[in-house]
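Asker: Attaching a single structure in structure tokens format; questions to follow.
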Amino acid sequence: MDFTGEAVLSLLRFASQILSRAVVFAVEGEAARGVGEFGLILPGGRSGAEAVRQTVLSLREPSVLRSAVERGRTYAGPSSRPA
């Protein structure tokens with residue numbers, strides 16, 4: 001499935017009005033693939049968008065992302081690592 005289109009861009013634009021940063025994942029089987037972001041600041045001038053698109057996370061292990069998928073709800077809160 002192609003998640004680079006207008007729907008993801010619209011979602012990110014809307015979210016940016018109320019959030020300081022966000023990452024959007026597409027769930028495909030037992031993995032979540034990063035499809036978009038805003039507000040990420042990475043060391044060394046690295047592109048947040050590129051880093052997110054290269055991210056694939058397993059949903060086999062317990063995690064905040066897995067919990068959100070199982071509940072069918074978004075997660076809003078701190079990450080497991082300090083900012």
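Note on naming: chains are A, B, ... as they come in the structure tokens, residues start from 1 per chain, ligands start from 1 in the order shown.
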Using DSSP on the backbone coordinates, identify all residues within chain A classified as strand (DSSP E); present the result as an NGL selection string.

Answerer: :A and (22-28 or 31-38 or 56-58)

Asker: Residues at most 10 Å from Gly34 in chain A, counting only C-alpha atoms, excluding those fewer than 5 positions away in the same chain, as a count of residues only?

Answerer: 15

Asker: Go through A:Val8, A:Leu40, A:Val35, A:Val64 one by one, measure the shortest atom-to-atom distance of each to Ser20 in chain A using only C-alpha atoms, and give the residue with the smallest value.

Answerer: A:Leu40

Asker: So which one's closest to Ala22 in chain A, A:Gly48, A:Gly72, A:Gly5, A:Pro62? Using only C-alpha atoms, please.

Answerer: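 Among the listed residues, A:Gly48 lies closest to Ala22 in chain A.
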
Asker: What's the separation between CA of Gly45 in chain A and CA of Thr74 in chain A, in Å to one decimal place?

Answerer: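 CA of Gly45 in chain A sits 28.5 Å away from CA of Thr74 in chain A.
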
Asker: So what do you get for CA of Ser10 in chain A versus CA of Glu37 in chain A, distance-wise?

Answerer: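 That distance, rounded to one decimal, is 11.7 Å.
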
Asker: Select, from A:Ile18, A:Ala7, A:Ala32, A:Ala76, the residue with the minimum atom-to-atom distance to Ser58 in chain A, counting only C-alpha atoms.

Answerer: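 With only C-alpha atoms as the atom set, the closest residue is A:Ala32.
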
Asker: Between A:Gly29, A:Gln17, A:Pro43, A:Gly36, which is the closest to Val69 in chain A once you count only C-alpha atoms?

Answerer: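 Closest to Val69 in chain A, using only C-alpha atoms: A:Gly29.
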
Asker: CA of Arg73 in chain A and CA of Leu19 in chain A, how far apart in Å?

Answerer: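 Computed distance, CA of Leu19 in chain A to CA of Arg73 in chain A, equals 16.6 Å.
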
Asker: Using the chain letters and numbers from this document, which residues of chain A does DSSP assign to helix (DSSP H, G or I), as a PyMOL selection string?

Answerer: chain A and resi 6-16+43-45+48-53+64-71

Asker: Could you tell me which of A:Leu59, A:Gly77, A:Glu6, A:Glu70 comes closest to Arg33 in chain A if we count only C-alpha atoms?

Answerer: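 Selected residue with least distance to Arg33 in chain A: A:Leu59.
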
Asker: Using only C-alpha atoms, which residue out of A:Pro78, A:Arg13, A:Arg21, A:Glu30 lies closest to Glu61 in chain A?

Answerer: A:Glu30
